[in-house]
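Listing of target_20.txt; format and content: compact mmCIF, C-alpha atoms.
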# COMPACT_ATOMS: atom_id res chain seq x y z
CA ASP B 28 100.90 99.50 118.78
CA THR B 29 97.76 97.46 118.24
CA GLU B 30 95.25 97.30 121.08
CA VAL B 31 94.09 93.87 119.97
CA THR B 32 96.53 91.29 121.32
CA GLN B 33 96.82 87.80 119.91
CA THR B 34 98.72 84.80 121.24
CA PRO B 35 100.62 82.85 120.20
CA LYS B 36 102.31 84.70 117.38
CA HIS B 37 103.35 81.42 115.75
CA LEU B 38 101.91 77.93 116.22
CA VAL B 39 102.89 74.63 114.65
CA MET B 40 100.53 71.75 115.31
CA GLY B 41 99.98 68.22 114.12
CA MET B 42 96.74 67.07 112.59
CA THR B 43 95.75 65.21 115.76
CA ASN B 44 96.58 68.03 118.15
CA LYS B 45 94.20 70.31 120.03
CA LYS B 46 95.32 73.90 120.40
CA SER B 47 93.80 77.32 120.93
CA LEU B 48 94.39 80.81 119.62
CA LYS B 49 93.69 83.65 122.03
CA CYS B 50 92.69 87.24 121.49
CA GLU B 51 92.23 90.08 123.96
CA GLN B 52 91.10 93.69 123.66
CA HIS B 53 90.61 96.34 126.31
CA MET B 54 88.95 99.02 124.23
CA GLY B 55 85.45 98.19 125.51
CA HIS B 56 84.46 96.89 122.11
CA ARG B 57 81.40 94.64 121.99
CA ALA B 58 81.96 93.02 118.59
CA MET B 59 84.83 90.60 118.01
CA TYR B 60 85.83 88.75 114.88
CA TRP B 61 87.98 85.94 113.56
CA TYR B 62 89.37 86.22 110.05
CA LYS B 63 91.48 83.71 108.14
CA GLN B 64 94.06 84.85 105.60
CA LYS B 65 95.85 82.54 103.20
CA ALA B 66 99.08 83.62 101.54
CA LYS B 67 98.65 86.39 98.96
CA LYS B 68 94.90 86.52 99.57
CA PRO B 69 92.71 88.99 101.43
CA PRO B 70 91.30 88.15 104.86
CA GLU B 71 88.10 86.13 104.93
CA LEU B 72 85.56 86.41 107.71
CA MET B 73 85.04 83.29 109.84
CA PHE B 74 83.04 84.31 112.91
CA VAL B 75 81.46 87.37 114.47
CA TYR B 76 80.61 87.72 118.15
CA SER B 77 78.15 90.39 119.17
CA TYR B 78 77.79 91.10 122.90
CA GLU B 79 79.56 87.80 123.62
CA LYS B 80 77.13 85.81 121.49
CA LEU B 81 77.96 84.19 118.18
CA SER B 82 76.11 86.14 115.52
CA ILE B 83 77.77 85.02 112.32
CA ASN B 84 79.40 81.74 111.33
CA GLU B 85 80.51 81.84 107.71
CA SER B 86 80.03 78.10 107.21
CA VAL B 87 83.29 77.34 108.95
CA PRO B 88 84.13 73.63 109.49
CA SER B 89 83.48 72.35 112.99
CA ARG B 90 87.16 71.65 113.55
CA PHE B 91 87.29 75.39 114.29
CA SER B 92 85.38 76.21 117.48
CA PRO B 93 85.13 79.81 118.65
CA GLU B 94 84.49 80.89 122.22
CA CYS B 95 83.91 84.29 123.80
CA PRO B 96 84.31 83.93 127.59
CA ASN B 97 83.74 87.63 128.22
CA SER B 98 83.62 90.95 126.42
CA SER B 99 87.41 91.24 126.30
CA LEU B 100 88.42 87.74 125.28
CA LEU B 101 87.97 85.65 122.18
CA ASN B 102 89.35 82.17 121.64
CA LEU B 103 89.55 79.91 118.63
CA HIS B 104 89.84 76.24 119.52
CA LEU B 105 91.50 74.06 116.92
CA HIS B 106 91.13 70.30 116.59
CA ALA B 107 91.91 67.80 113.86
CA LEU B 108 93.05 70.46 111.43
CA GLN B 109 94.29 69.80 107.94
CA PRO B 110 97.45 71.15 106.29
CA GLU B 111 95.29 73.42 104.13
CA ASP B 112 94.17 75.19 107.30
CA SER B 113 97.65 76.67 107.58
CA ALA B 114 97.16 80.43 107.41
CA LEU B 115 97.33 83.70 109.29
CA TYR B 116 94.44 83.98 111.74
CA LEU B 117 93.45 87.54 112.54
CA CYS B 118 91.37 88.64 115.46
CA ALA B 119 89.57 91.97 115.30
CA SER B 120 87.17 94.09 117.29
CA SER B 121 84.82 97.02 116.81
CA GLN B 122 82.86 99.20 119.16
CA ASP B 123 79.19 98.61 118.46
CA PRO B 124 77.82 95.47 116.80
CA ARG B 125 74.57 97.23 115.94
CA THR B 126 76.07 99.44 113.28
CA ALA B 127 78.49 99.09 110.40
CA ARG B 128 79.69 102.63 111.02
CA ASN B 129 82.54 101.42 113.23
CA THR B 130 86.14 100.88 112.41
CA ILE B 131 87.33 97.31 112.79
CA TYR B 132 90.72 97.07 114.48
CA PHE B 133 92.89 94.06 113.89
CA GLY B 134 95.52 92.29 115.94
CA GLU B 135 98.91 91.18 114.69
CA GLY B 136 97.63 87.72 113.85
CA SER B 137 98.65 84.18 114.70
CA TRP B 138 100.62 82.31 112.05
CA LEU B 139 99.39 78.71 112.09
CA THR B 140 101.16 75.82 110.41
CA VAL B 141 99.53 72.38 110.37
CA VAL B 142 101.91 69.50 109.75
CA ALA K 25 76.29 91.74 96.13
CA GLN K 26 79.27 93.67 97.31
CA LYS K 27 82.55 93.59 95.49
CA VAL K 28 85.84 95.45 95.77
CA THR K 29 88.35 95.44 92.94
CA GLN K 30 91.98 96.43 93.24
CA ALA K 31 93.23 95.94 89.72
CA GLN K 32 96.88 96.63 90.54
CA THR K 33 98.36 93.44 91.94
CA GLU K 34 101.85 94.82 92.43
CA ILE K 35 103.41 98.25 92.14
CA SER K 36 107.10 99.04 92.42
CA VAL K 37 108.44 102.59 92.54
CA VAL K 38 111.59 104.36 93.57
CA GLU K 39 111.63 106.22 96.86
CA LYS K 40 110.23 109.77 96.79
CA GLU K 41 107.94 109.04 93.86
CA ASP K 42 104.22 109.56 94.23
CA VAL K 43 102.06 106.48 93.86
CA THR K 44 98.30 105.94 93.57
CA LEU K 45 96.52 102.74 94.52
CA ASP K 46 93.19 102.22 92.80
CA CYS K 47 90.04 100.82 94.37
CA VAL K 48 86.70 100.31 92.65
CA TYR K 49 83.68 98.99 94.50
CA GLU K 50 80.20 97.66 93.81
CA THR K 51 77.26 97.80 96.17
CA ARG K 52 73.49 98.15 95.96
CA ASP K 53 73.28 99.98 99.28
CA THR K 54 73.04 103.74 99.39
CA THR K 55 74.76 103.80 102.78
CA TYR K 56 78.08 102.06 103.08
CA TYR K 57 81.57 102.50 104.44
CA LEU K 58 84.92 102.26 102.73
CA PHE K 59 88.23 101.48 104.39
CA TRP K 60 91.89 101.26 103.60
CA TYR K 61 94.20 98.98 105.58
CA LYS K 62 97.97 98.50 105.39
CA GLN K 63 99.52 95.08 106.00
CA PRO K 64 103.30 95.03 106.52
CA PRO K 65 105.17 91.70 106.44
CA SER K 66 104.55 91.27 110.18
CA GLY K 67 100.93 90.49 109.36
CA GLU K 68 98.96 93.07 111.31
CA LEU K 69 96.27 94.92 109.40
CA VAL K 70 96.74 98.58 110.20
CA PHE K 71 93.70 100.82 109.82
CA LEU K 72 94.36 103.89 107.68
CA ILE K 73 91.00 105.52 106.93
CA ARG K 74 87.22 105.08 106.96
CA ARG K 75 84.94 107.02 104.65
CA ASN K 76 81.12 107.18 104.75
CA SER K 77 79.23 106.97 101.49
CA PHE K 78 77.54 110.30 102.10
CA ASP K 79 80.80 112.16 102.68
CA GLU K 80 82.67 112.74 99.44
CA GLN K 81 85.23 115.11 100.86
CA ASN K 82 88.76 114.16 100.04
CA GLU K 83 91.03 113.44 102.95
CA ILE K 84 94.67 114.26 103.50
CA SER K 85 96.79 112.94 106.33
CA GLY K 86 100.43 113.81 106.04
CA ARG K 87 101.79 112.10 102.93
CA TYR K 88 98.58 110.11 102.48
CA SER K 89 95.51 111.31 100.61
CA TRP K 90 92.30 109.69 99.51
CA ASN K 91 89.99 110.54 96.63
CA PHE K 92 86.42 109.27 96.96
CA GLN K 93 84.19 109.59 93.88
CA LYS K 94 80.72 108.06 94.07
CA SER K 95 80.11 108.78 90.39
CA THR K 96 82.82 106.30 89.42
CA SER K 97 82.52 104.10 92.54
CA SER K 98 86.16 104.64 93.30
CA PHE K 99 88.15 105.28 96.46
CA ASN K 100 91.75 105.80 95.45
CA PHE K 101 94.72 106.20 97.77
CA THR K 102 97.78 108.32 96.99
CA ILE K 103 101.10 108.30 98.80
CA THR K 104 103.18 111.40 98.15
CA ALA K 105 106.96 111.26 98.36
CA SER K 106 106.95 107.55 99.07
CA GLN K 107 109.34 106.03 101.60
CA VAL K 108 110.73 102.52 102.01
CA VAL K 109 108.60 102.11 105.16
CA ASP K 110 105.51 102.42 102.96
CA SER K 111 106.28 99.02 101.46
CA ALA K 112 103.37 96.74 102.34
CA VAL K 113 100.20 95.18 100.99
CA TYR K 114 97.34 97.64 100.94
CA PHE K 115 93.73 96.52 101.12
CA CYS K 116 90.62 98.45 100.23
CA ALA K 117 87.45 97.19 101.93
CA LEU K 118 83.71 97.83 101.92
CA SER K 119 81.10 97.42 104.63
CA GLU K 120 77.38 97.87 104.04
CA ALA K 121 75.22 99.64 106.59
CA MET K 122 72.63 96.99 107.29
CA GLY K 123 73.20 93.98 109.48
CA ALA K 124 76.37 92.86 111.12
CA GLN K 125 79.57 94.50 110.11
CA LYS K 126 81.18 92.36 107.45
CA LEU K 127 84.20 93.71 105.65
CA VAL K 128 84.58 92.72 102.02
CA PHE K 129 88.18 93.13 100.95
CA GLY K 130 89.75 93.71 97.59
CA GLN K 131 92.58 91.38 96.54
CA GLY K 132 95.18 93.83 97.76
CA THR K 133 98.00 95.74 96.10
CA ARG K 134 101.58 94.87 97.02
CA LEU K 135 103.56 98.10 97.06
CA THR K 136 107.34 98.01 96.99
CA ILE K 137 109.31 101.20 97.50
CA ASN K 138 112.90 100.81 96.35
CA PRO K 139 115.68 102.99 97.81

Now, as a test, write the supplied structure out as structure tokens.
Amino acid sequence: DTEVTQTPKHLVMGMTNKKSLKCEQHMGHRAMYWYKQKAKKPPELMFVYSYEKLSINESVPSRFSPECPNSSLLNLHLHALQPEDSALYLCASSQDPRTARNTIYFGEGSWLTVV
Amino acid sequence: AQKVTQAQTEISVVEKEDVTLDCVYETRDTTYYLFWYKQPPSGELVFLIRRNSFDEQNEISGRYSWNFQKSTSSFNFTITASQVVDSAVYFCALSEAMGAQKLVFGQGTRLTINP
């Protein structure tokens, strides 16, 4: 079983709604990630948090707002999304942000549908 | 720039056949890391293997084996005696050593094992 836990598993939201995706890991990892995956495409990096600070934002629209309250938790706040934002959102973590030598472990993902 | 190519979009074989998934990569770095992930229909990306650029030893884990050849920039994955449970999308990914850890994924190969 994955040690990166994501909730909810499925989310349907309207374009005017505000919702959040949550991610939790208890492996002591200090790097956490959000990836977005459209159908039949590979995952694409959205954000990287390193020691609870945002280190990479891959030019993601502001309607996606990440938050890292502590070293174990990562949230993705969603507001005024568009139908094309419907996708699988994957959270991931790795041990040490200072090196690429780590393995990145992924959660089960949150399936988001915007109507 | 980094690039990962998985030329096989879909593969379909009968159970117990051996199958090889191809992965070719491009990078200017001399130190980099290669990964294989499995994604079943549930959505989770399951880590299978990580290989360092300076370690060209082949790896075998049960029915899985990996062949890393720097001379051809390839990191191929073979499943021996395939089983229906091996059906999934398989992604090859590359991470360069410098800077934050950013995985670059190939387009994925959808593997179907028929009984």

Please return, as a count of residues only, all polymer residues that have at least one atom within 12 Å of the point (74.9, 104.6, 104.4); use all atoms listed in the file and the file's own coordinate frame.
22

Excluding Gln93 in chain K and any residue of its chain fewer than 2 positions from it, enumerate the residues within 10 Å of it, using only C-alpha atoms, and give them as a list in words.
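Contacts, in chain order: Val48, Ser77, Asp79, Glu80, Gln81, Asn82, Trp90, Asn91, Ser95, Thr96, Ser97, Ser98, Phe99 and Asn100 of chain K.
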
Using only C-alpha atoms, can you tell me which of K:Pro65, K:Gln26, K:Cys116, K:Gln125 comes closest to Ala66 in chain B?
K:Pro65

Which value, in Å to one decimal, gives the distance between CA of Phe133 in chain B and CA of Tyr62 in chain B?
9.4 Å

Go through B:Leu101, B:Met54, B:Ile83, B:Val31 and flag the residue nearest Leu69 in chain K, using only C-alpha atoms for the distances.
B:Val31

State, in Å with one decimal place, the distance from CA of Arg57 in chain B to CA of Lys45 in chain B.
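Taking CA of Arg57 in chain B as the start and CA of Lys45 in chain B as the end point, the length is 27.6 Å.
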